[in-house]
Structure formats: C-alpha cells, structure tokens
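Structure file final.txt (compact mmCIF, N, CA and C atoms) is printed below.
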```txt
# COMPACT_ATOMS: atom_id res chain seq x y z
N VAL A 1 0.83 -1.18 0.00
CA VAL A 1 0.00 0.00 0.00
C VAL A 1 0.89 1.26 0.00
N VAL A 2 1.94 1.24 0.78
CA VAL A 2 2.81 2.41 0.88
C VAL A 2 3.45 2.73 -0.46
N VAL A 3 3.96 1.71 -1.13
CA VAL A 3 4.60 1.94 -2.43
C VAL A 3 3.57 2.40 -3.46
N ARG A 4 2.40 1.77 -3.46
CA ARG A 4 1.35 2.17 -4.41
C ARG A 4 1.00 3.64 -4.21
N ASP A 5 0.80 4.04 -2.96
CA ASP A 5 0.45 5.43 -2.67
C ASP A 5 1.57 6.38 -3.09
N PHE A 6 2.80 5.97 -2.83
CA PHE A 6 3.94 6.80 -3.22
C PHE A 6 4.01 6.95 -4.74
N VAL A 7 3.83 5.87 -5.47
CA VAL A 7 3.90 5.93 -6.93
C VAL A 7 2.78 6.80 -7.49
N GLN A 8 1.60 6.73 -6.89
CA GLN A 8 0.50 7.61 -7.34
C GLN A 8 0.86 9.07 -7.08
N TRP A 9 1.40 9.36 -5.90
CA TRP A 9 1.84 10.72 -5.60
C TRP A 9 2.91 11.17 -6.58
N LEU A 10 3.88 10.29 -6.84
CA LEU A 10 4.99 10.63 -7.74
C LEU A 10 4.48 10.92 -9.15
N HIS A 11 3.49 10.18 -9.59
CA HIS A 11 2.91 10.42 -10.91
C HIS A 11 2.34 11.85 -10.99
N LEU A 12 1.60 12.26 -9.98
CA LEU A 12 1.05 13.62 -9.97
C LEU A 12 2.16 14.67 -9.86
N HIS A 13 3.13 14.39 -9.03
CA HIS A 13 4.28 15.28 -8.87
C HIS A 13 4.98 15.49 -10.21
N ASN A 14 5.22 14.40 -10.93
CA ASN A 14 5.90 14.50 -12.23
C ASN A 14 5.05 15.19 -13.28
N GLN A 15 3.73 15.06 -13.21
CA GLN A 15 2.87 15.80 -14.14
C GLN A 15 3.06 17.30 -13.94
N ARG A 16 3.13 17.73 -12.68
CA ARG A 16 3.37 19.16 -12.39
C ARG A 16 4.74 19.59 -12.87
N ARG A 17 5.75 18.77 -12.63
CA ARG A 17 7.12 19.08 -13.06
C ARG A 17 7.18 19.18 -14.59
N ARG A 18 6.52 18.25 -15.26
CA ARG A 18 6.51 18.25 -16.72
C ARG A 18 5.82 19.51 -17.24
N ALA A 19 4.72 19.90 -16.62
CA ALA A 19 4.00 21.11 -17.03
C ALA A 19 4.86 22.36 -16.83
N ASP A 20 5.72 22.34 -15.82
CA ASP A 20 6.61 23.48 -15.55
C ASP A 20 7.94 23.34 -16.28
N ASN A 21 8.04 22.33 -17.14
CA ASN A 21 9.26 22.08 -17.91
C ASN A 21 10.48 21.83 -17.01
N GLU A 22 10.26 21.11 -15.92
CA GLU A 22 11.32 20.79 -14.96
C GLU A 22 11.62 19.29 -15.01
N ARG A 23 12.79 18.94 -14.49
CA ARG A 23 13.18 17.53 -14.45
C ARG A 23 12.21 16.72 -13.59
N GLN A 24 11.92 15.52 -14.04
CA GLN A 24 11.04 14.63 -13.30
C GLN A 24 11.86 13.69 -12.42
N THR A 25 11.17 13.06 -11.51
CA THR A 25 11.79 12.13 -10.57
C THR A 25 11.46 10.70 -10.96
N GLY A 26 12.47 9.82 -10.87
CA GLY A 26 12.25 8.41 -11.17
C GLY A 26 12.25 7.58 -9.90
N PHE A 27 11.67 6.42 -10.00
CA PHE A 27 11.62 5.48 -8.87
C PHE A 27 12.04 4.12 -9.42
N TYR A 28 13.16 3.60 -8.92
CA TYR A 28 13.74 2.38 -9.46
C TYR A 28 14.03 1.41 -8.32
N GLY A 29 14.04 0.14 -8.65
CA GLY A 29 14.39 -0.86 -7.66
C GLY A 29 15.36 -1.86 -8.25
N LEU A 30 16.32 -2.27 -7.46
CA LEU A 30 17.29 -3.28 -7.87
C LEU A 30 17.34 -4.33 -6.77
N ASP A 31 17.15 -5.57 -7.15
CA ASP A 31 17.12 -6.63 -6.18
C ASP A 31 18.45 -7.36 -6.13
N LEU A 32 18.73 -7.98 -5.03
CA LEU A 32 19.97 -8.73 -4.90
C LEU A 32 20.02 -9.93 -5.84
N TYR A 33 18.87 -10.38 -6.32
CA TYR A 33 18.86 -11.50 -7.24
C TYR A 33 19.32 -11.11 -8.64
N SER A 34 19.56 -9.83 -8.85
CA SER A 34 19.99 -9.36 -10.17
C SER A 34 21.51 -9.28 -10.26
N LEU A 35 22.22 -10.11 -9.54
CA LEU A 35 23.68 -10.06 -9.47
C LEU A 35 24.32 -9.96 -10.85
N HIS A 36 24.08 -10.92 -11.71
CA HIS A 36 24.74 -10.95 -13.02
C HIS A 36 24.24 -9.84 -13.95
N ARG A 37 22.98 -9.52 -13.87
CA ARG A 37 22.44 -8.43 -14.69
C ARG A 37 23.08 -7.11 -14.26
N SER A 38 23.23 -6.92 -12.96
CA SER A 38 23.85 -5.68 -12.48
C SER A 38 25.30 -5.58 -12.91
N MET A 39 26.02 -6.70 -12.87
CA MET A 39 27.42 -6.67 -13.33
C MET A 39 27.48 -6.27 -14.81
N GLN A 40 26.57 -6.81 -15.61
CA GLN A 40 26.57 -6.50 -17.03
C GLN A 40 26.23 -5.03 -17.28
N GLU A 41 25.34 -4.47 -16.49
CA GLU A 41 24.98 -3.06 -16.63
C GLU A 41 26.19 -2.16 -16.32
N VAL A 42 26.94 -2.50 -15.29
CA VAL A 42 28.13 -1.72 -14.93
C VAL A 42 29.14 -1.78 -16.08
N ILE A 43 29.39 -2.97 -16.58
CA ILE A 43 30.38 -3.13 -17.67
C ILE A 43 29.91 -2.43 -18.94
N SER A 44 28.64 -2.54 -19.27
CA SER A 44 28.12 -1.87 -20.49
C SER A 44 28.31 -0.36 -20.40
N TYR A 45 28.02 0.19 -19.24
CA TYR A 45 28.21 1.63 -19.06
C TYR A 45 29.68 2.01 -19.20
N LEU A 46 30.55 1.27 -18.53
CA LEU A 46 31.98 1.59 -18.58
C LEU A 46 32.55 1.38 -19.98
N ASP A 47 32.04 0.41 -20.74
CA ASP A 47 32.49 0.22 -22.12
C ASP A 47 32.33 1.51 -22.92
N LYS A 48 31.24 2.24 -22.66
CA LYS A 48 30.96 3.47 -23.41
C LYS A 48 31.81 4.65 -22.93
N ILE A 49 32.06 4.72 -21.63
CA ILE A 49 32.66 5.94 -21.08
C ILE A 49 34.13 5.79 -20.69
N ASP A 50 34.57 4.57 -20.35
CA ASP A 50 35.94 4.37 -19.88
C ASP A 50 36.34 2.92 -20.11
N PRO A 51 36.80 2.59 -21.31
CA PRO A 51 37.14 1.20 -21.64
C PRO A 51 38.19 0.56 -20.72
N VAL A 52 39.10 1.35 -20.20
CA VAL A 52 40.10 0.81 -19.27
C VAL A 52 39.42 0.37 -17.97
N ALA A 53 38.51 1.21 -17.47
CA ALA A 53 37.75 0.85 -16.27
C ALA A 53 36.85 -0.35 -16.55
N ALA A 54 36.32 -0.45 -17.77
CA ALA A 54 35.48 -1.60 -18.14
C ALA A 54 36.29 -2.89 -18.07
N ALA A 55 37.53 -2.83 -18.54
CA ALA A 55 38.40 -4.02 -18.47
C ALA A 55 38.66 -4.41 -17.02
N ARG A 56 38.88 -3.42 -16.16
CA ARG A 56 39.08 -3.71 -14.73
C ARG A 56 37.84 -4.35 -14.14
N ALA A 57 36.67 -3.83 -14.50
CA ALA A 57 35.40 -4.38 -13.98
C ALA A 57 35.22 -5.82 -14.46
N ARG A 58 35.52 -6.07 -15.72
CA ARG A 58 35.42 -7.45 -16.24
C ARG A 58 36.32 -8.40 -15.45
N ASP A 59 37.55 -7.95 -15.20
CA ASP A 59 38.49 -8.78 -14.43
C ASP A 59 37.97 -9.04 -13.02
N ARG A 60 37.46 -8.00 -12.40
CA ARG A 60 36.94 -8.16 -11.03
C ARG A 60 35.73 -9.08 -11.01
N TYR A 61 34.80 -8.84 -11.90
CA TYR A 61 33.56 -9.62 -11.91
C TYR A 61 33.77 -11.04 -12.45
N ALA A 62 34.87 -11.28 -13.12
CA ALA A 62 35.16 -12.64 -13.61
C ALA A 62 35.28 -13.61 -12.44
N CYS A 63 35.57 -13.12 -11.28
CA CYS A 63 35.64 -13.96 -10.08
C CYS A 63 34.33 -14.74 -9.90
N PHE A 64 33.21 -14.14 -10.26
CA PHE A 64 31.91 -14.79 -10.09
C PHE A 64 31.67 -15.89 -11.13
N ASP A 65 32.50 -15.96 -12.16
CA ASP A 65 32.31 -16.93 -13.23
C ASP A 65 32.73 -18.34 -12.85
N HIS A 66 33.29 -18.52 -11.66
CA HIS A 66 33.76 -19.84 -11.26
C HIS A 66 32.61 -20.75 -10.82
N THR A 67 31.40 -20.19 -10.75
CA THR A 67 30.22 -20.99 -10.45
C THR A 67 29.27 -20.87 -11.63
N SER A 68 28.13 -21.49 -11.51
CA SER A 68 27.15 -21.44 -12.59
C SER A 68 26.88 -20.00 -13.00
N ALA A 69 26.81 -19.76 -14.28
CA ALA A 69 26.77 -18.41 -14.84
C ALA A 69 25.70 -17.51 -14.23
N ASP A 70 24.58 -18.02 -13.84
CA ASP A 70 23.53 -17.13 -13.34
C ASP A 70 22.99 -17.62 -12.00
N ASP A 71 23.81 -18.31 -11.23
CA ASP A 71 23.34 -18.90 -9.99
C ASP A 71 24.10 -18.33 -8.80
N GLY A 72 23.54 -17.29 -8.20
CA GLY A 72 24.17 -16.69 -7.04
C GLY A 72 24.24 -17.63 -5.86
N GLN A 73 23.26 -18.52 -5.73
CA GLN A 73 23.27 -19.48 -4.63
C GLN A 73 24.46 -20.43 -4.74
N ALA A 74 24.78 -20.85 -5.95
CA ALA A 74 25.94 -21.73 -6.13
C ALA A 74 27.21 -21.00 -5.73
N TYR A 75 27.31 -19.74 -6.08
CA TYR A 75 28.47 -18.93 -5.66
C TYR A 75 28.51 -18.87 -4.13
N GLY A 76 27.39 -18.53 -3.50
CA GLY A 76 27.34 -18.38 -2.06
C GLY A 76 27.71 -19.66 -1.33
N PHE A 77 27.20 -20.78 -1.82
CA PHE A 77 27.52 -22.07 -1.20
C PHE A 77 29.01 -22.35 -1.27
N ALA A 78 29.58 -22.17 -2.46
CA ALA A 78 31.01 -22.44 -2.65
C ALA A 78 31.86 -21.50 -1.79
N ALA A 79 31.52 -20.22 -1.77
CA ALA A 79 32.31 -19.26 -1.01
C ALA A 79 32.16 -19.46 0.50
N ALA A 80 30.94 -19.78 0.94
CA ALA A 80 30.69 -19.94 2.37
C ALA A 80 31.39 -21.16 2.95
N PHE A 81 31.52 -22.21 2.16
CA PHE A 81 32.11 -23.45 2.67
C PHE A 81 33.52 -23.70 2.17
N GLY A 82 34.15 -22.68 1.62
CA GLY A 82 35.54 -22.81 1.21
C GLY A 82 35.74 -23.64 -0.04
N ALA A 83 34.66 -23.90 -0.78
CA ALA A 83 34.78 -24.70 -1.99
C ALA A 83 35.03 -23.82 -3.22
N GLY A 84 35.07 -22.54 -3.01
CA GLY A 84 35.30 -21.61 -4.12
C GLY A 84 35.81 -20.29 -3.59
N LEU A 85 36.20 -19.45 -4.49
CA LEU A 85 36.73 -18.14 -4.11
C LEU A 85 35.63 -17.22 -3.60
N SER A 86 35.98 -16.36 -2.66
CA SER A 86 35.10 -15.28 -2.27
C SER A 86 35.41 -14.10 -3.19
N CYS A 87 34.39 -13.46 -3.68
CA CYS A 87 34.58 -12.32 -4.58
C CYS A 87 34.31 -11.00 -3.87
N GLU A 88 34.30 -11.03 -2.56
CA GLU A 88 33.99 -9.84 -1.78
C GLU A 88 34.92 -8.68 -2.11
N ARG A 89 36.22 -8.92 -2.11
CA ARG A 89 37.18 -7.84 -2.38
C ARG A 89 36.95 -7.23 -3.76
N GLN A 90 36.70 -8.07 -4.76
CA GLN A 90 36.50 -7.58 -6.12
C GLN A 90 35.23 -6.72 -6.22
N ALA A 91 34.16 -7.17 -5.56
CA ALA A 91 32.90 -6.42 -5.60
C ALA A 91 33.06 -5.07 -4.90
N VAL A 92 33.75 -5.06 -3.77
CA VAL A 92 33.98 -3.80 -3.04
C VAL A 92 34.88 -2.88 -3.85
N ASP A 93 35.96 -3.43 -4.41
CA ASP A 93 36.86 -2.60 -5.21
C ASP A 93 36.14 -1.95 -6.38
N GLN A 94 35.27 -2.68 -7.03
CA GLN A 94 34.54 -2.12 -8.17
C GLN A 94 33.60 -1.02 -7.73
N LEU A 95 32.90 -1.23 -6.64
CA LEU A 95 32.00 -0.20 -6.12
C LEU A 95 32.77 1.06 -5.75
N VAL A 96 33.88 0.90 -5.06
CA VAL A 96 34.70 2.05 -4.66
C VAL A 96 35.23 2.77 -5.90
N ASP A 97 35.65 2.02 -6.90
CA ASP A 97 36.13 2.61 -8.15
C ASP A 97 35.03 3.45 -8.81
N MET A 98 33.82 2.91 -8.84
CA MET A 98 32.69 3.66 -9.43
C MET A 98 32.43 4.94 -8.63
N GLN A 99 32.46 4.84 -7.32
CA GLN A 99 32.21 6.02 -6.49
C GLN A 99 33.32 7.05 -6.64
N ARG A 100 34.54 6.59 -6.71
CA ARG A 100 35.69 7.49 -6.84
C ARG A 100 35.64 8.27 -8.15
N ASN A 101 35.16 7.66 -9.21
CA ASN A 101 35.13 8.30 -10.53
C ASN A 101 33.78 8.93 -10.87
N ALA A 102 32.83 8.88 -9.96
CA ALA A 102 31.47 9.34 -10.25
C ALA A 102 31.41 10.77 -10.77
N LEU A 103 32.09 11.68 -10.12
CA LEU A 103 32.02 13.08 -10.52
C LEU A 103 32.62 13.29 -11.91
N ASP A 104 33.75 12.66 -12.16
CA ASP A 104 34.39 12.78 -13.47
C ASP A 104 33.49 12.23 -14.57
N TYR A 105 32.91 11.05 -14.33
CA TYR A 105 32.03 10.44 -15.33
C TYR A 105 30.79 11.32 -15.57
N ALA A 106 30.21 11.85 -14.50
CA ALA A 106 28.99 12.65 -14.62
C ALA A 106 29.24 13.95 -15.37
N ARG A 107 30.43 14.50 -15.30
CA ARG A 107 30.75 15.77 -15.95
C ARG A 107 30.99 15.63 -17.45
N ARG A 108 31.18 14.43 -17.93
CA ARG A 108 31.61 14.25 -19.32
C ARG A 108 30.61 14.72 -20.36
N ASP A 109 29.33 14.39 -20.18
CA ASP A 109 28.34 14.73 -21.21
C ASP A 109 27.06 15.32 -20.64
N GLY A 110 27.12 15.99 -19.53
CA GLY A 110 25.94 16.65 -18.99
C GLY A 110 24.97 15.71 -18.31
N LEU A 111 23.69 16.07 -18.37
CA LEU A 111 22.67 15.36 -17.61
C LEU A 111 22.49 13.91 -18.04
N LEU A 112 22.56 13.63 -19.34
CA LEU A 112 22.41 12.25 -19.78
C LEU A 112 23.52 11.39 -19.20
N ALA A 113 24.73 11.90 -19.23
CA ALA A 113 25.86 11.16 -18.64
C ALA A 113 25.66 10.99 -17.14
N GLU A 114 25.13 12.02 -16.51
CA GLU A 114 24.88 11.93 -15.07
C GLU A 114 23.87 10.84 -14.75
N ASP A 115 22.80 10.76 -15.52
CA ASP A 115 21.80 9.71 -15.31
C ASP A 115 22.39 8.32 -15.55
N GLU A 116 23.15 8.18 -16.62
CA GLU A 116 23.75 6.88 -16.93
C GLU A 116 24.76 6.47 -15.87
N GLN A 117 25.54 7.44 -15.39
CA GLN A 117 26.52 7.15 -14.33
C GLN A 117 25.80 6.73 -13.06
N PHE A 118 24.74 7.42 -12.71
CA PHE A 118 23.97 7.09 -11.51
C PHE A 118 23.43 5.66 -11.62
N TYR A 119 22.88 5.34 -12.78
CA TYR A 119 22.32 4.00 -13.01
C TYR A 119 23.41 2.94 -12.86
N ALA A 120 24.56 3.17 -13.44
CA ALA A 120 25.66 2.20 -13.35
C ALA A 120 26.13 2.05 -11.91
N GLN A 121 26.26 3.16 -11.21
CA GLN A 121 26.69 3.09 -9.82
C GLN A 121 25.65 2.37 -8.97
N GLN A 122 24.39 2.60 -9.26
CA GLN A 122 23.34 1.90 -8.53
C GLN A 122 23.37 0.40 -8.80
N ASN A 123 23.87 -0.01 -9.94
CA ASN A 123 24.02 -1.44 -10.24
C ASN A 123 25.27 -2.03 -9.59
N ALA A 124 26.28 -1.21 -9.34
CA ALA A 124 27.48 -1.72 -8.66
C ALA A 124 27.19 -2.05 -7.20
N GLN A 125 26.28 -1.31 -6.59
CA GLN A 125 25.94 -1.56 -5.18
C GLN A 125 25.28 -2.93 -4.98
N PRO A 126 24.29 -3.33 -5.79
CA PRO A 126 23.71 -4.67 -5.59
C PRO A 126 24.70 -5.80 -5.83
N VAL A 127 25.69 -5.59 -6.68
CA VAL A 127 26.70 -6.64 -6.87
C VAL A 127 27.42 -6.87 -5.55
N ARG A 128 27.83 -5.80 -4.91
CA ARG A 128 28.52 -5.92 -3.62
C ARG A 128 27.58 -6.52 -2.57
N ASN A 129 26.35 -6.02 -2.50
CA ASN A 129 25.40 -6.51 -1.50
C ASN A 129 25.00 -7.96 -1.77
N ALA A 130 24.84 -8.32 -3.04
CA ALA A 130 24.46 -9.69 -3.39
C ALA A 130 25.58 -10.66 -3.03
N GLU A 131 26.82 -10.23 -3.21
CA GLU A 131 27.95 -11.09 -2.87
C GLU A 131 27.89 -11.43 -1.37
N VAL A 132 27.65 -10.44 -0.53
CA VAL A 132 27.54 -10.67 0.91
C VAL A 132 26.32 -11.52 1.22
N TYR A 133 25.21 -11.22 0.56
CA TYR A 133 23.95 -11.95 0.78
C TYR A 133 24.09 -13.43 0.45
N TYR A 134 24.63 -13.73 -0.72
CA TYR A 134 24.73 -15.13 -1.12
C TYR A 134 25.69 -15.91 -0.22
N ARG A 135 26.75 -15.28 0.26
CA ARG A 135 27.64 -15.97 1.21
C ARG A 135 26.93 -16.20 2.54
N ALA A 136 26.13 -15.21 2.97
CA ALA A 136 25.45 -15.30 4.26
C ALA A 136 24.31 -16.31 4.26
N MET A 137 23.79 -16.64 3.08
CA MET A 137 22.67 -17.58 2.99
C MET A 137 22.97 -18.91 3.66
N PHE A 138 24.21 -19.30 3.67
CA PHE A 138 24.58 -20.62 4.16
C PHE A 138 25.19 -20.55 5.57
N GLY A 139 25.01 -19.42 6.23
CA GLY A 139 25.57 -19.26 7.57
C GLY A 139 24.66 -19.75 8.67
N GLY A 140 23.43 -20.15 8.34
CA GLY A 140 22.54 -20.69 9.35
C GLY A 140 21.94 -19.65 10.28
N ARG A 141 21.98 -18.40 9.90
CA ARG A 141 21.39 -17.34 10.71
C ARG A 141 20.38 -16.57 9.88
N VAL A 142 19.72 -15.63 10.52
CA VAL A 142 18.77 -14.78 9.80
C VAL A 142 19.48 -13.64 9.09
N THR A 143 20.80 -13.64 9.16
CA THR A 143 21.59 -12.56 8.58
C THR A 143 21.24 -12.31 7.12
N SER A 144 21.09 -13.37 6.33
CA SER A 144 20.83 -13.16 4.90
C SER A 144 19.51 -12.44 4.66
N TRP A 145 18.50 -12.80 5.42
CA TRP A 145 17.20 -12.13 5.26
C TRP A 145 17.33 -10.67 5.64
N ASN A 146 18.04 -10.38 6.74
CA ASN A 146 18.24 -9.00 7.16
C ASN A 146 19.02 -8.21 6.12
N LEU A 147 20.02 -8.84 5.51
CA LEU A 147 20.79 -8.17 4.46
C LEU A 147 19.91 -7.82 3.28
N ARG A 148 19.06 -8.74 2.88
CA ARG A 148 18.18 -8.50 1.74
C ARG A 148 17.18 -7.39 2.08
N ASP A 149 16.61 -7.43 3.28
CA ASP A 149 15.70 -6.39 3.71
C ASP A 149 16.36 -5.03 3.74
N THR A 150 17.56 -4.97 4.27
CA THR A 150 18.30 -3.71 4.36
C THR A 150 18.61 -3.16 2.98
N HIS A 151 18.98 -4.06 2.06
CA HIS A 151 19.28 -3.61 0.70
C HIS A 151 18.05 -2.97 0.10
```
I need this file expressed as structure tokens, please.
Amino acid sequence: VVVRDFVQWLHLHNQRRRADNERQTGFYGLDLYSLHRSMQEVISYLDKIDPVAAARARDRYACFDHTSADDGQAYGFAAAFGAGLSCERQAVDQLVDMQRNALDYARRDGLLAEDEQFYAQQNAQPVRNAEVYYRAMFGGRVTSWNLRDTH
C-alpha cells in the first residue's frame, strides 16, 4: 500500500514538473537476485565511457564466473564453505572505483551522462550486496534475510 500510494503521488508530482518544464523524478528498484544483470549493466556503461575501467570491472567480476553463470546461490555455497573463491574484495573494489570516478564520469556529457553514471553506480551496489547476501545464505542465521531487507 505504501509503495502504491507513493507511486500515485509521484505520478502527480511529475505531471506538475513536466508542465513546468522541470526535471522529473524516477523510482527504481534493484534486487539482490539481479547479481549478473547488475554486473553487465556496470560493464556496459563503462564500455561506453571508460574502456580501461570496463576491463578492470570485467576482471573483477570474472571472479563470479567460477560458479554457474547465473546462480548466485551456487556462488554463495562455494564461497561460504571454502569450496570456491570469495569475490567480496573484487565487488567492493569495483563499487569504490565507481564512487571514486562518479564526478568525473557525470561531468563528461551533462545530464544524460549523469543519469547513466547514476544508473551504473546503482548497479554496482547490488553486486557488492548480493555477494555478501549469497555468502550469508549458508551461515545458518537470519543474517541473509536482514541483508536483503536492508538492501
């Protein structure tokens, strides 16, 4: 009910903004289950704006390729029980890299670049959070549920 009411309010708010020729507000959601999709979004953005950074992101995210291509649970199981690599450092490094370069990337082509940079950075965060979530799933505590809720 809360989200529905908010979206209805936002729709009216944006109608007023549009009538006044002002920027509108968006409402987006990214779930921890979008691990691989989020990685691809980060890389696609960096391919366009900074190919060297895109190569670094590919190298970092390749750590996740040691398990089934689209199965975060398989990654979490392997990492939690020492049967595979933990990709925590790579996910954190990529997020920090995106945050460190955010201002430079946003300045390159104005508002469109700013929106695209924001979207890419927002996709880097779920990669980091999903990595922690999938490892925590096998810890036998409610931690994973709390992590997902917090995200």
Which residue is closest to Cys63 (chain A)? Choose from A:Ala136, A:Met98, A:Val92, A:Leu85 and count all atoms listed in the file.
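With all atoms listed in the file as the atom set, the closest residue is A:Leu85.
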d(atom C of Asp59 (chain A), CA of Phe118 (chain A)) in Å
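CA of Phe118 (chain A) lies 21.4 Å from atom C of Asp59 (chain A).
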Which distance in Å separates CA of Asp47 (chain A) and CA of Tyr105 (chain A), to one decimal?
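So the two atoms, CA of Asp47 (chain A) and CA of Tyr105 (chain A), lie 12.3 Å apart.
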Fewer than 2 positions away in the same chain doesn't count, so skip those; otherwise give me all residues within 12 Å of Lys48 (chain A), counting only C-alpha atoms, as a PyMOL selection string.
chain A and resi 41-46+50-55+105+108-109+113+116-117+120
Your completed region 15-23 of chain A with all heavy atoms, as a tab-separated table (two decimals), keeping the file's coordinate frame:
```tsv
chain	number	residue	atom	x	y	z
A	15	GLN	N	3.73	15.06	-13.21
A	15	GLN	CA	2.87	15.80	-14.14
A	15	GLN	C	3.06	17.30	-13.94
A	15	GLN	O	3.15	18.06	-14.91
A	15	GLN	CB	1.40	15.43	-13.91
A	15	GLN	CG	0.99	14.11	-14.51
A	15	GLN	CD	-0.48	13.81	-14.26
A	15	GLN	OE1	-1.06	14.23	-13.27
A	15	GLN	NE2	-1.06	13.04	-15.17
A	16	ARG	N	3.13	17.73	-12.68
A	16	ARG	CA	3.37	19.16	-12.39
A	16	ARG	C	4.74	19.59	-12.87
A	16	ARG	O	4.91	20.66	-13.45
A	16	ARG	CB	3.20	19.43	-10.90
A	16	ARG	CG	1.76	19.36	-10.42
A	16	ARG	CD	1.62	19.88	-8.98
A	16	ARG	NE	2.37	19.07	-8.03
A	16	ARG	CZ	1.89	17.98	-7.41
A	16	ARG	NH1	0.65	17.58	-7.66
A	16	ARG	NH2	2.63	17.31	-6.55
A	17	ARG	N	5.75	18.77	-12.63
A	17	ARG	CA	7.12	19.08	-13.06
A	17	ARG	C	7.18	19.18	-14.59
A	17	ARG	O	7.82	20.07	-15.12
A	17	ARG	CB	8.11	18.02	-12.56
A	17	ARG	CG	8.10	17.74	-11.09
A	17	ARG	CD	8.96	18.54	-10.24
A	17	ARG	NE	10.34	18.57	-10.68
A	17	ARG	CZ	11.22	19.38	-10.13
A	17	ARG	NH1	10.87	20.16	-9.14
A	17	ARG	NH2	12.46	19.40	-10.54
A	18	ARG	N	6.52	18.25	-15.26
A	18	ARG	CA	6.51	18.25	-16.72
A	18	ARG	C	5.82	19.51	-17.24
A	18	ARG	O	6.30	20.15	-18.18
A	18	ARG	CB	5.80	16.98	-17.23
A	18	ARG	CG	5.97	16.69	-18.68
A	18	ARG	CD	5.43	15.33	-19.14
A	18	ARG	NE	4.29	14.80	-18.41
A	18	ARG	CZ	4.36	13.77	-17.53
A	18	ARG	NH1	5.50	13.17	-17.27
A	18	ARG	NH2	3.26	13.35	-16.92
A	19	ALA	N	4.72	19.90	-16.62
A	19	ALA	CA	4.00	21.11	-17.03
A	19	ALA	C	4.86	22.36	-16.83
A	19	ALA	O	4.75	23.32	-17.60
A	19	ALA	CB	2.69	21.23	-16.24
A	20	ASP	N	5.72	22.34	-15.82
A	20	ASP	CA	6.61	23.48	-15.55
A	20	ASP	C	7.94	23.34	-16.28
A	20	ASP	O	8.87	24.11	-16.04
A	20	ASP	CB	6.86	23.60	-14.04
A	20	ASP	CG	5.61	23.99	-13.28
A	20	ASP	OD1	4.68	24.55	-13.89
A	20	ASP	OD2	5.57	23.71	-12.05
A	21	ASN	N	8.04	22.33	-17.14
A	21	ASN	CA	9.26	22.08	-17.91
A	21	ASN	C	10.48	21.83	-17.01
A	21	ASN	O	11.58	22.30	-17.28
A	21	ASN	CB	9.53	23.22	-18.88
A	21	ASN	CG	10.06	22.73	-20.20
A	21	ASN	OD1	9.98	21.53	-20.50
A	21	ASN	ND2	10.61	23.62	-20.99
A	22	GLU	N	10.26	21.11	-15.92
A	22	GLU	CA	11.32	20.79	-14.96
A	22	GLU	C	11.62	19.29	-15.01
A	22	GLU	O	10.80	18.50	-15.48
A	22	GLU	CB	10.89	21.19	-13.54
A	22	GLU	CG	10.69	22.68	-13.37
A	22	GLU	CD	10.22	23.05	-11.98
A	22	GLU	OE1	10.01	22.15	-11.14
A	22	GLU	OE2	10.05	24.25	-11.71
A	23	ARG	N	12.79	18.94	-14.49
A	23	ARG	CA	13.18	17.53	-14.45
A	23	ARG	C	12.21	16.72	-13.59
A	23	ARG	O	11.79	17.17	-12.54
A	23	ARG	CB	14.59	17.37	-13.89
A	23	ARG	CG	15.66	17.84	-14.85
A	23	ARG	CD	17.03	17.62	-14.30
A	23	ARG	NE	17.37	16.19	-14.33
A	23	ARG	CZ	18.44	15.68	-13.78
A	23	ARG	NH1	19.29	16.45	-13.14
A	23	ARG	NH2	18.68	14.40	-13.86
```
